[in-house]
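**Student:** What follows is run33.cif, mmCIF, C-alpha atoms.
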```cif
data_target
loop_
_atom_site.label_atom_id
_atom_site.label_comp_id
_atom_site.auth_asym_id
_atom_site.auth_seq_id
_atom_site.Cartn_x
_atom_site.Cartn_y
_atom_site.Cartn_z
CA MET P 16 -1.77 -11.57 30.33
CA THR P 17 1.14 -13.97 29.97
CA ASP P 18 -1.17 -16.78 28.87
CA ARG P 19 -2.61 -14.95 25.87
CA GLN P 20 -1.97 -16.29 22.38
CA TYR P 21 -0.99 -13.00 20.72
CA ASP P 22 1.01 -9.92 21.62
CA ILE P 23 -0.91 -7.69 19.18
CA ILE P 24 -4.01 -7.94 17.00
CA VAL P 25 -4.39 -5.39 14.20
CA TYR P 26 -8.13 -4.78 13.80
CA GLY P 27 -9.14 -3.39 10.41
CA SER P 28 -6.19 -4.97 8.59
CA THR P 29 -7.92 -5.04 5.20
CA GLY P 30 -8.51 -1.28 5.04
CA TYR P 31 -6.10 1.26 3.57
CA THR P 32 -4.37 2.30 6.81
CA GLY P 33 -4.79 -1.09 8.48
CA THR P 34 -2.86 -2.72 5.65
CA LEU P 35 -0.02 -0.24 6.15
CA VAL P 36 0.08 -1.01 9.88
CA ALA P 37 0.17 -4.74 9.17
CA GLN P 38 2.98 -4.25 6.65
CA TYR P 39 4.94 -2.19 9.15
CA LEU P 40 4.68 -4.89 11.84
CA ALA P 41 5.50 -7.61 9.32
CA LEU P 42 8.77 -5.91 8.40
CA ASN P 43 9.73 -3.98 11.54
CA GLY P 44 8.23 -5.81 14.50
CA PRO P 45 10.42 -8.13 16.60
CA THR P 46 11.09 -11.48 14.92
CA THR P 47 9.51 -13.08 18.00
CA LEU P 48 6.29 -11.05 17.69
CA SER P 49 3.16 -13.18 17.96
CA TRP P 50 0.36 -11.31 16.22
CA ALA P 51 -2.78 -11.53 14.14
CA ILE P 52 -4.68 -9.55 11.55
CA ALA P 53 -8.38 -9.10 12.17
CA GLY P 54 -11.59 -7.81 10.62
CA ARG P 55 -15.03 -9.02 9.61
CA ASN P 56 -14.26 -10.69 6.27
CA HIS P 57 -12.13 -13.85 6.28
CA THR P 58 -11.61 -13.84 2.52
CA LYS P 59 -10.21 -10.31 2.55
CA LEU P 60 -8.04 -11.13 5.57
CA GLN P 61 -6.63 -14.15 3.74
CA SER P 62 -5.81 -11.89 0.78
CA THR P 63 -4.03 -9.46 3.12
CA LEU P 64 -2.06 -12.34 4.65
CA THR P 65 -1.00 -13.51 1.19
CA SER P 66 0.26 -10.00 0.35
CA LEU P 67 2.18 -9.84 3.66
CA LYS P 68 3.88 -13.17 2.98
CA SER P 69 5.12 -11.83 -0.36
CA LEU P 70 6.95 -8.89 1.26
CA PRO P 71 10.77 -8.98 0.98
CA GLY P 72 12.24 -10.05 4.31
CA PHE P 73 9.05 -11.62 5.64
CA ALA P 74 10.33 -15.19 5.40
CA ASP P 75 12.28 -14.92 8.67
CA ARG P 76 9.29 -13.71 10.68
CA LYS P 77 6.32 -15.35 12.34
CA GLU P 78 3.25 -15.58 10.16
CA PRO P 79 0.32 -13.68 11.69
CA GLY P 80 -2.88 -15.47 12.58
CA ILE P 81 -6.33 -14.45 11.39
CA ALA P 82 -9.18 -13.42 13.68
CA VAL P 83 -12.69 -12.71 12.41
CA ALA P 84 -15.05 -10.44 14.35
CA ASP P 85 -17.64 -7.91 13.23
CA SER P 86 -17.44 -4.49 14.90
CA GLY P 87 -21.11 -4.78 15.87
CA ASP P 88 -20.83 -8.24 17.45
CA LYS P 89 -19.66 -7.71 21.03
CA GLY P 90 -19.54 -11.44 21.76
CA ALA P 91 -17.17 -12.07 18.86
CA LEU P 92 -15.08 -9.05 19.83
CA LEU P 93 -14.77 -10.27 23.43
CA GLU P 94 -13.64 -13.67 22.18
CA MET P 95 -11.06 -11.98 19.97
CA VAL P 96 -9.60 -9.51 22.49
CA ARG P 97 -9.21 -12.19 25.18
CA GLN P 98 -6.65 -13.85 22.89
CA THR P 99 -4.24 -10.89 22.90
CA LYS P 100 -2.37 -8.43 25.11
CA VAL P 101 -3.02 -5.47 22.77
CA VAL P 102 -5.49 -4.47 20.07
CA ILE P 103 -4.65 -1.65 17.67
CA SER P 104 -7.54 -0.47 15.51
CA THR P 105 -7.85 1.46 12.26
CA THR P 106 -11.56 0.78 11.74
CA GLY P 107 -13.35 4.10 11.44
CA PRO P 108 -15.41 6.14 11.57
CA PHE P 109 -15.02 5.20 15.23
CA LEU P 110 -18.34 6.81 16.11
CA ARG P 111 -19.90 4.15 13.91
CA TYR P 112 -17.61 1.15 14.36
CA GLY P 113 -15.39 1.67 17.41
CA THR P 114 -17.43 1.59 20.62
CA HIS P 115 -17.99 -2.16 21.11
CA LEU P 116 -14.28 -2.85 20.60
CA VAL P 117 -13.25 -0.33 23.27
CA GLU P 118 -15.88 -1.78 25.59
CA ALA P 119 -14.59 -5.32 25.02
CA CYS P 120 -10.98 -4.30 25.67
CA ALA P 121 -11.87 -2.34 28.81
CA GLU P 122 -13.86 -5.26 30.24
CA SER P 123 -11.25 -7.90 29.43
CA GLY P 124 -8.14 -6.00 30.57
CA THR P 125 -6.75 -5.81 27.01
CA HIS P 126 -4.71 -2.77 26.08
CA TYR P 127 -5.99 -0.76 23.10
CA ALA P 128 -4.93 2.05 20.75
CA ASP P 129 -6.47 3.63 17.64
CA ILE P 130 -6.11 6.44 15.11
CA THR P 131 -9.38 8.29 15.64
CA GLY P 132 -9.55 12.07 15.59
CA GLU P 133 -13.21 12.10 16.67
CA VAL P 134 -12.92 14.02 19.95
CA PRO P 135 -16.64 13.75 20.86
CA TRP P 136 -16.39 9.97 20.59
CA VAL P 137 -13.26 9.97 22.76
CA GLN P 138 -15.14 12.04 25.34
CA ASP P 139 -17.87 9.37 25.38
CA MET P 140 -15.31 6.57 25.75
CA ILE P 141 -13.82 8.35 28.75
CA ALA P 142 -17.23 8.76 30.36
CA LYS P 143 -18.31 5.16 29.72
CA TYR P 144 -15.15 3.08 30.00
CA HIS P 145 -12.37 4.92 31.87
CA ASP P 146 -13.36 3.48 35.23
CA VAL P 147 -14.04 0.05 33.73
CA ALA P 148 -10.59 -0.03 32.12
CA LYS P 149 -8.95 1.18 35.31
CA SER P 150 -10.60 -1.65 37.26
CA THR P 151 -9.19 -4.29 34.88
CA GLY P 152 -5.83 -2.59 34.24
CA ALA P 153 -6.56 -2.01 30.54
CA ILE P 154 -4.74 0.96 29.01
CA VAL P 155 -6.88 2.58 26.31
CA VAL P 156 -5.04 5.09 24.09
CA PRO P 157 -7.20 6.86 21.48
CA GLN P 158 -5.79 9.30 18.90
CA ALA P 159 -2.45 7.49 18.58
CA GLY P 160 -1.75 8.42 14.97
CA TYR P 161 -1.05 11.85 13.47
CA ASP P 162 -4.13 12.84 15.45
CA SER P 163 -2.66 13.47 18.05
CA LEU P 164 0.58 11.68 18.94
CA PRO P 165 3.16 14.22 17.65
CA PHE P 166 1.40 17.05 19.46
CA ASP P 167 0.79 15.18 22.69
CA LEU P 168 4.18 13.47 22.95
CA GLY P 169 5.96 16.61 21.73
CA VAL P 170 4.45 18.67 24.55
CA GLU P 171 5.25 15.93 27.10
CA THR P 172 8.86 15.94 25.89
CA LEU P 173 9.07 19.71 26.38
CA VAL P 174 7.46 19.61 29.83
CA ARG P 175 9.74 16.77 30.91
CA GLY P 176 12.85 18.61 29.67
CA ILE P 177 12.01 21.87 31.45
CA ARG P 178 11.12 20.02 34.65
CA GLU P 179 14.53 18.37 34.54
CA GLN P 180 15.85 21.93 35.01
CA GLY P 181 13.79 22.15 38.21
CA LYS P 182 11.14 24.40 36.65
CA ASP P 183 7.41 24.33 35.94
CA VAL P 184 6.07 25.21 32.48
CA LYS P 185 3.80 27.96 31.22
CA GLY P 186 2.68 28.88 27.68
CA VAL P 187 3.41 26.08 25.18
CA ARG P 188 3.23 26.66 21.45
CA PHE P 189 3.23 23.94 18.76
CA VAL P 190 4.23 25.17 15.28
CA ILE P 191 3.88 23.04 12.15
CA ASP P 192 6.64 24.39 9.91
CA LYS P 193 6.18 21.99 7.02
CA ILE P 194 3.69 19.25 6.27
CA ARG P 195 3.35 17.30 3.04
CA GLY P 196 0.72 14.62 2.60
CA ARG P 197 -2.78 13.86 1.31
CA PRO P 198 -5.81 12.58 3.25
CA SER P 199 -7.45 9.24 2.47
CA GLY P 200 -11.10 8.75 1.62
CA GLY P 201 -11.71 7.16 5.02
CA THR P 202 -10.45 10.22 6.89
CA LEU P 203 -12.58 12.57 4.83
CA GLU P 204 -15.66 10.41 5.38
CA THR P 205 -14.98 10.34 9.14
CA ILE P 206 -15.24 14.13 9.26
CA ALA P 207 -18.57 14.11 7.42
CA ASN P 208 -19.91 11.28 9.57
CA MET P 209 -19.19 13.18 12.79
CA PHE P 210 -21.24 16.17 11.65
CA GLU P 211 -23.97 13.87 10.35
CA THR P 212 -24.19 11.79 13.53
CA LEU P 213 -23.79 14.34 16.32
CA PRO P 214 -25.54 17.60 17.16
CA LEU P 215 -23.32 20.68 16.86
CA ARG P 216 -23.77 21.25 20.59
CA LYS P 217 -22.04 17.93 21.35
CA ILE P 218 -19.14 18.72 19.02
CA ARG P 219 -18.65 22.18 20.55
CA GLU P 220 -18.83 20.74 24.07
CA ALA P 221 -16.13 18.15 23.36
CA MET P 222 -13.87 20.74 21.71
CA THR P 223 -14.09 23.15 24.67
CA PRO P 224 -10.64 23.54 26.27
CA TYR P 225 -10.03 21.01 29.06
CA ALA P 226 -13.32 19.19 28.38
CA LEU P 227 -11.43 15.87 28.36
CA SER P 228 -9.19 16.66 31.33
CA PRO P 229 -9.74 14.64 34.52
CA LEU P 230 -9.11 17.85 36.47
CA PRO P 231 -11.55 20.75 36.11
CA ARG P 232 -10.17 24.01 34.79
CA THR P 233 -11.79 27.22 33.62
CA PRO P 234 -10.56 27.78 30.05
CA THR P 235 -9.07 31.07 28.92
CA ALA P 236 -10.78 32.43 25.82
CA THR P 237 -8.63 32.36 22.67
CA ALA P 238 -9.40 33.29 19.08
CA PRO P 239 -7.87 32.31 15.73
CA GLU P 240 -5.03 34.64 14.85
CA VAL P 241 -2.31 35.37 12.31
CA VAL P 242 0.92 36.57 13.91
CA VAL P 243 4.59 36.98 13.08
CA ASP P 244 6.78 34.15 14.30
CA THR P 245 9.68 35.76 16.14
CA ARG P 246 11.94 32.80 15.36
CA SER P 247 11.50 32.64 11.57
CA GLY P 248 10.15 36.10 10.81
CA GLU P 249 7.32 34.48 8.83
CA TYR P 250 3.60 34.52 9.53
CA ILE P 251 1.96 31.70 11.44
CA ALA P 252 -1.78 31.11 11.73
CA THR P 253 -3.85 29.22 14.26
CA SER P 254 -4.10 25.62 13.07
CA PHE P 255 -7.59 24.27 12.37
CA THR P 256 -6.59 21.13 14.32
CA GLU P 257 -5.78 23.10 17.48
CA ARG P 258 -8.86 21.98 19.39
CA MET P 259 -8.70 18.37 18.18
CA ASN P 260 -5.11 17.96 19.35
CA GLY P 261 -5.52 20.36 22.24
CA ALA P 262 -8.23 18.13 23.73
CA ILE P 263 -5.71 15.29 24.08
CA VAL P 264 -2.84 17.54 25.22
CA GLU P 265 -5.10 19.00 27.90
CA ARG P 266 -6.15 15.54 29.04
CA SER P 267 -2.44 14.78 29.46
CA TRP P 268 -2.15 18.04 31.46
CA GLY P 269 -4.65 16.63 33.95
CA LEU P 270 -3.29 13.07 33.98
CA LEU P 271 0.39 14.03 34.27
CA ASN P 272 0.10 17.32 36.19
CA TYR P 273 1.82 19.83 33.89
CA GLY P 274 1.14 22.63 36.40
CA SER P 275 -1.27 25.51 36.89
CA ASP P 276 0.52 27.89 34.47
CA PHE P 277 0.25 25.56 31.46
CA SER P 278 -1.52 26.62 28.26
CA TYR P 279 -1.50 25.26 24.71
CA ARG P 280 -1.67 26.93 21.31
CA GLU P 281 -1.12 25.40 17.87
CA TYR P 282 -0.03 27.15 14.68
CA LEU P 283 0.71 26.48 11.01
CA ASN P 284 3.62 28.26 9.30
CA VAL P 285 1.97 29.99 6.33
CA GLY P 286 4.75 32.34 5.21
CA LYS P 287 2.65 35.32 4.11
CA TRP P 288 -0.17 36.92 6.09
CA VAL P 289 -2.74 36.48 3.33
CA TYR P 290 -2.23 32.70 3.42
CA GLY P 291 -2.85 32.80 7.14
CA TYR P 292 -6.37 34.16 6.78
CA PHE P 293 -7.00 31.61 4.04
CA ALA P 294 -5.77 28.82 6.37
CA ILE P 295 -8.24 29.98 9.01
CA GLY P 296 -11.15 30.78 6.71
CA LEU P 297 -11.20 27.67 4.51
CA PRO P 298 -11.69 25.16 7.37
CA MET P 299 -14.43 27.38 8.80
CA PHE P 300 -16.18 27.30 5.42
CA VAL P 301 -15.87 23.49 5.23
CA MET P 302 -17.23 23.10 8.77
CA ALA P 303 -20.20 25.31 7.88
CA MET P 304 -20.79 23.15 4.79
CA LEU P 305 -20.69 19.95 6.85
CA ALA P 306 -23.26 21.31 9.29
CA THR P 307 -25.98 20.94 6.64
CA SER P 308 -27.24 17.88 4.78
CA PRO P 309 -26.88 19.47 1.29
CA GLY P 310 -23.39 20.62 2.25
CA ARG P 311 -22.36 17.09 3.23
CA TRP P 312 -23.71 15.78 -0.09
CA VAL P 313 -21.55 18.27 -2.00
CA TYR P 314 -18.54 17.50 0.22
CA ARG P 315 -18.82 13.76 -0.42
CA LYS P 316 -18.96 14.35 -4.18
CA MET P 317 -15.73 16.35 -3.97
CA VAL P 318 -13.53 14.02 -1.88
CA ARG P 319 -11.97 10.60 -2.35
CA GLU P 320 -13.95 7.42 -1.84
CA THR P 321 -13.37 5.42 1.34
CA GLY P 322 -10.74 2.70 1.08
CA THR P 323 -8.49 4.85 -1.08
CA GLY P 324 -5.42 6.90 -0.19
CA PRO P 325 -2.05 8.23 -1.30
CA THR P 326 0.22 6.12 -3.50
CA LYS P 327 3.42 4.65 -2.09
CA GLU P 328 5.41 7.37 -3.87
CA GLU P 329 3.19 10.08 -2.36
CA ARG P 330 3.57 8.59 1.12
CA GLU P 331 7.34 8.34 0.85
CA SER P 332 7.69 11.91 -0.45
CA GLY P 333 5.70 13.31 2.48
CA CYS P 334 7.16 14.86 5.60
CA LEU P 335 6.45 16.57 8.90
CA LEU P 336 8.65 19.30 10.38
CA ALA P 337 7.38 20.89 13.57
CA ARG P 338 8.52 22.39 16.86
CA VAL P 339 7.17 22.75 20.36
CA GLU P 340 8.31 25.86 22.23
CA GLY P 341 7.80 26.95 25.80
CA GLU P 342 9.35 28.47 28.87
CA SER P 343 9.41 28.01 32.61
CA SER P 344 6.88 29.75 34.82
CA ASP P 345 9.53 32.20 36.07
CA GLY P 346 10.77 32.93 32.52
CA SER P 347 14.34 31.85 33.30
CA CYS P 348 14.37 28.76 31.08
CA LYS P 349 13.30 28.52 27.44
CA ALA P 350 13.29 25.30 25.44
CA ARG P 351 12.28 23.72 22.17
CA VAL P 352 11.48 20.25 20.83
CA LYS P 353 12.20 19.73 17.15
CA ILE P 354 9.99 17.05 15.55
CA THR P 355 11.06 15.43 12.27
CA GLY P 356 9.24 12.75 10.30
CA LYS P 357 10.20 11.68 6.80
CA GLN P 358 6.93 10.24 5.52
CA ASP P 359 3.39 11.38 4.82
CA PRO P 360 2.03 12.22 8.31
CA GLY P 361 -1.48 10.88 7.79
CA TYR P 362 -0.52 7.42 6.57
CA GLY P 363 3.21 6.63 6.42
CA LEU P 364 3.88 8.14 9.84
CA THR P 365 0.48 7.23 11.26
CA SER P 366 0.98 3.52 10.52
CA LEU P 367 4.44 3.72 12.11
CA MET P 368 3.07 5.53 15.17
CA LEU P 369 0.15 3.18 15.80
CA ALA P 370 2.32 0.09 15.35
CA GLU P 371 4.97 1.44 17.75
CA VAL P 372 2.30 2.35 20.33
CA GLY P 373 1.07 -1.24 20.09
CA LEU P 374 4.60 -2.59 20.54
CA CYS P 375 5.16 -0.27 23.50
CA LEU P 376 1.98 -1.51 25.18
CA ALA P 377 2.93 -5.13 24.47
CA TYR P 378 6.57 -4.99 25.56
CA LYS P 379 7.34 -1.85 27.58
CA MET P 380 4.12 -0.97 29.37
CA GLU P 381 5.68 -1.72 32.77
CA GLU P 382 8.18 1.13 32.20
CA THR P 383 5.55 3.78 31.45
CA ARG P 384 3.62 6.26 33.54
CA ALA P 385 0.47 4.62 32.22
CA LYS P 386 1.36 1.62 34.40
CA THR P 387 1.75 3.93 37.41
CA ILE P 388 -1.64 5.50 36.71
CA GLY P 389 -3.05 1.99 36.65
CA GLY P 390 -5.09 1.89 33.46
CA GLY P 391 -8.04 3.77 32.02
CA VAL P 392 -8.57 5.92 28.94
CA LEU P 393 -5.17 7.62 28.78
CA THR P 394 -2.98 9.37 26.17
CA THR P 395 0.22 8.73 24.23
CA ALA P 396 1.99 11.15 26.59
CA CYS P 397 1.40 8.61 29.37
CA LEU P 398 3.69 6.21 27.45
CA GLY P 399 6.40 8.89 27.55
CA GLU P 400 10.07 8.02 27.26
CA PRO P 401 9.72 4.32 26.29
CA LEU P 402 7.49 5.24 23.35
CA ARG P 403 9.67 8.17 22.31
CA GLU P 404 12.76 5.92 22.26
CA GLN P 405 10.97 3.45 19.98
CA LEU P 406 9.81 6.17 17.61
CA GLU P 407 13.29 7.64 17.36
CA LYS P 408 14.78 4.24 16.55
CA ALA P 409 12.19 4.07 13.77
CA GLY P 410 13.34 7.46 12.43
CA PHE P 411 10.63 9.73 13.90
CA LEU P 412 12.59 12.25 15.97
CA PHE P 413 11.74 14.36 19.04
CA GLU P 414 14.84 16.46 19.86
CA PHE P 415 14.81 18.57 23.04
CA GLU P 416 17.11 21.57 23.40
CA LEU P 417 17.47 24.55 25.73
CA VAL P 418 17.45 27.88 23.87
CA ASN P 419 18.44 30.34 26.62
#
```
Go ahead and express the file in the form of structure tokens.

**Tutor:**
Amino acid sequence: MTDRQYDIIVYGSTGYTGTLVAQYLALNGPTTLSWAIAGRNHTKLQSTLTSLKSLPGFADRKEPGIAVADSGDKGALLEMVRQTKVVISTTGPFLRYGTHLVEACAESGTHYADITGEVPWVQDMIAKYHDVAKSTGAIVVPQAGYDSLPFDLGVETLVRGIREQGKDVKGVRFVIDKIRGRPSGGTLETIANMFETLPLRKIREAMTPYALSPLPRTPTATAPEVVVDTRSGEYIATSFTERMNGAIVERSWGLLNYGSDFSYREYLNVGKWVYGYFAIGLPMFVMAMLATSPGRWVYRKMVRETGTGPTKEERESGCLLARVEGESSDGSCKARVKITGKQDPGYGLTSLMLAEVGLCLAYKMEETRAKTIGGGVLTTACLGEPLREQLEKAGFLFEFELVN
């Protein structure tokens, strides 16, 4: 891919999150970065470019190009992706707008990452394009934003650290201790669109433990629970995102061989037990609402419009504090990964994460386990240490420690 014009193309640059990603690259990417902003509307892209050029500190950087391609026009998408080493996309809902772009990248050997959380769509991309991408060497990395990079890379960091002690890993627990941020209209619409587009059977199938893993495994039945956290003494409740993130973590289990004793649970620190049952019950109520057409109508009246999101002040006041805990199969080694992010997870951190994944694919792919695997629909965990080093330089920390 040395003859390609661009290192990275940001597809969806005129949307709320896409603009944040473009701003991040404009100010934090290498000064030598050759990149472009892309979407379907040239006028809006030109407006985005004008806003980027007005950013403080932009004068010393390369001006991005503009690429125009509609998400439904595969020919235009192929022409676009053949110009670049990497495409990073924020154009959702991905069930509606994402498939042709993944197909084009897989066929042309162009690396790809996105911020979807639509697990059924990811399952379809694996079925349709994993082998195609592997044949061309394309590395396709879905769910590379808050859904599900911190969870996936956090678990990989824990597994790696325990294995450096000469041990295999068993039960892994991810605990979100503090999260502050607000969802955008696009994210809320994506949830409704998934329930509107897919039968419930398909959603349940994709969310089944290990459904996305390349290795078959009989799942162990688990149920939502509220329990006392032995570390803090406070109550923690099963997170409503456990299956969304767990699907990716369990794919990494199969791709990277975490061992036969591995299991994954995800919790939210709720403080008091009554809040725990509320944290479990409210998402169940919303999911039941979304399963019906009248319920989706009510839901859409209640949430933000697409294209809107948190203010800059809201993003900068957000945070993510979490930990991944686990032990070796023989119980002799216990460890923890402390995860710290100082922005709103859904947008400030997500734009940082997606941009850094793109930079990793453009500049450090040869150092990753994804390169060893040889391409396909992979996970952020397959980018491992090179990606983690980039994120930590950007202020998003993954700190491993033994706790024996």

**Student:** With the file shown as input, list the residues that the PyMOL selection byres ((chain P and resi 327) around 12) selects, as a list in words.

**Tutor:**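 Taken over the shown coordinates, the PyMOL selection byres ((chain P and resi 327) around 12) returns Tyr31, Leu35, Gly196, Arg197, Thr323, Gly324, Pro325, Thr326, Glu328, Glu329, Arg330, Glu331, Ser332, Gly333, Gln358, Asp359, Tyr362 and Gly363 of chain P.
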
**Student:** Can you spit out the residues from that selection as a PDB file, keeping the file's coordinate frame, using C-alpha atoms?

**Tutor:**
```pdb
ATOM      1  CA  TYR P  31      -6.100   1.260   3.570  1.00  0.00           C
ATOM      2  CA  LEU P  35      -0.020  -0.240   6.150  1.00  0.00           C
ATOM      3  CA  GLY P 196       0.720  14.620   2.600  1.00  0.00           C
ATOM      4  CA  ARG P 197      -2.780  13.860   1.310  1.00  0.00           C
ATOM      5  CA  THR P 323      -8.490   4.850  -1.080  1.00  0.00           C
ATOM      6  CA  GLY P 324      -5.420   6.900  -0.190  1.00  0.00           C
ATOM      7  CA  PRO P 325      -2.050   8.230  -1.300  1.00  0.00           C
ATOM      8  CA  THR P 326       0.220   6.120  -3.500  1.00  0.00           C
ATOM      9  CA  GLU P 328       5.410   7.370  -3.870  1.00  0.00           C
ATOM     10  CA  GLU P 329       3.190  10.080  -2.360  1.00  0.00           C
ATOM     11  CA  ARG P 330       3.570   8.590   1.120  1.00  0.00           C
ATOM     12  CA  GLU P 331       7.340   8.340   0.850  1.00  0.00           C
ATOM     13  CA  SER P 332       7.690  11.910  -0.450  1.00  0.00           C
ATOM     14  CA  GLY P 333       5.700  13.310   2.480  1.00  0.00           C
ATOM     15  CA  GLN P 358       6.930  10.240   5.520  1.00  0.00           C
ATOM     16  CA  ASP P 359       3.390  11.380   4.820  1.00  0.00           C
ATOM     17  CA  TYR P 362      -0.520   7.420   6.570  1.00  0.00           C
ATOM     18  CA  GLY P 363       3.210   6.630   6.420  1.00  0.00           C
TER      19      GLY P 363
END
```

**Student:** Please provide the set of residues having any atom within 9 Å of P:Leu335, restricted to only C-alpha atoms, with same-chain residues fewer than 3 positions apart removed, written as a count of residues only.

**Tutor:** 14

**Student:** Residues picked by the PyMOL selection byres ((chain P and resi 23) around 8) here, as a ChimeraX atom specification?

**Tutor:** /P:21-22,24-25,49-51,99-103,373-374,377

**Student:** Pick the closest to P:Glu78 from P:Gly152, P:Tyr273, P:Thr46, P:Tyr378: which is it, counting only C-alpha atoms?

**Tutor:**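 Of the candidates, the smallest distance to P:Glu78 is held by P:Thr46.
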
**Student:** I'd like to know which of P:Ala121, P:Val187, P:Ile295, P:Ala74 is closest to P:Glu342, using all atoms listed in the file.

**Tutor:**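 Closest candidate: P:Val187.
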
**Student:** Let me make sure I understand: among P:Thr223, P:Thr105, P:Gln405, P:Thr212, which one has the smallest atom-to-atom distance to P:Gln138 if we use only C-alpha atoms?

**Tutor:**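 Using only C-alpha atoms, the shortest distance to P:Gln138 belongs to P:Thr223.
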
**Student:** With 4 Å on each side, where is the centre of the axis-aligned box around all listed atoms of stretch 149-164 of chain P, and how long are its edges in Å to one decimal, as JSON?

**Tutor:**
```
{"center_x": -5.0, "center_y": 4.6, "center_z": 25.4, "size_x": 19.2, "size_y": 25.8, "size_z": 31.8}
```

**Student:** What is the atom CA of P:Phe413 to atom CA of P:Met140 distance in Å?

**Tutor:**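 Value for the atom CA of P:Phe413-atom CA of P:Met140 distance: 28.9 Å.
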
**Student:** To verify the selection step, state as a PyMOL selection string which residues the PyMOL selection byres ((chain P and resi 235) around 9) yields on this input.

**Tutor:** chain P and resi 224+233-234+236-237+278

**Student:** So that I can check the surroundings of P:Gly132, please list as a list in words every protein, DNA and RNA residue that reaches within 9 Å of it, counting all atoms listed in the file and ignoring chain neighbours fewer than 4 positions away.

**Tutor:** Phe109, Trp136, Val137, Pro157, Gln158, Ala159, Gly160, Tyr161, Asp162, Ser163, Thr202, Thr205, Ile206, Met259 and Asn260 of chain P

**Student:** To one decimal place, how far is atom CA of P:Gly87 from atom CA of P:Arg19 in Å?

**Tutor:**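 Spanning atom CA of P:Gly87 to atom CA of P:Arg19 is a straight-line distance of 23.4 Å.
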
**Student:** Measure the distance from atom CA of P:His145 to atom CA of P:Leu393 in Å and round it to one decimal.

**Tutor:**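 Straight-line distance from atom CA of P:His145 to atom CA of P:Leu393 works out to 8.3 Å.
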
**Student:** Kindly indicate which residue among P:Glu382, P:Glu133, P:Glu220, P:Glu211 lies nearest to P:Ile263, using all atoms listed in the file for the distances.

**Tutor:**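 Once distances to P:Ile263 are computed over all atoms listed in the file, the minimum belongs to P:Glu133.
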
**Student:** Taking (-4.4, 32.7, 3.3) in the coordinates of the supplied file, I want to know which residues reach to within 12 Å of it, counting only C-alpha atoms; could you give the answer as a list in words?

**Tutor:**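 Residues with an atom at most 12 Å from (-4.4, 32.7, 3.3): Glu240, Val241, Tyr250, Ile251, Ala252, Thr253, Leu283, Asn284, Val285, Gly286, Lys287, Trp288, Val289, Tyr290, Gly291, Tyr292, Phe293, Ala294, Ile295, Gly296, Leu297 and Pro298 of chain P.
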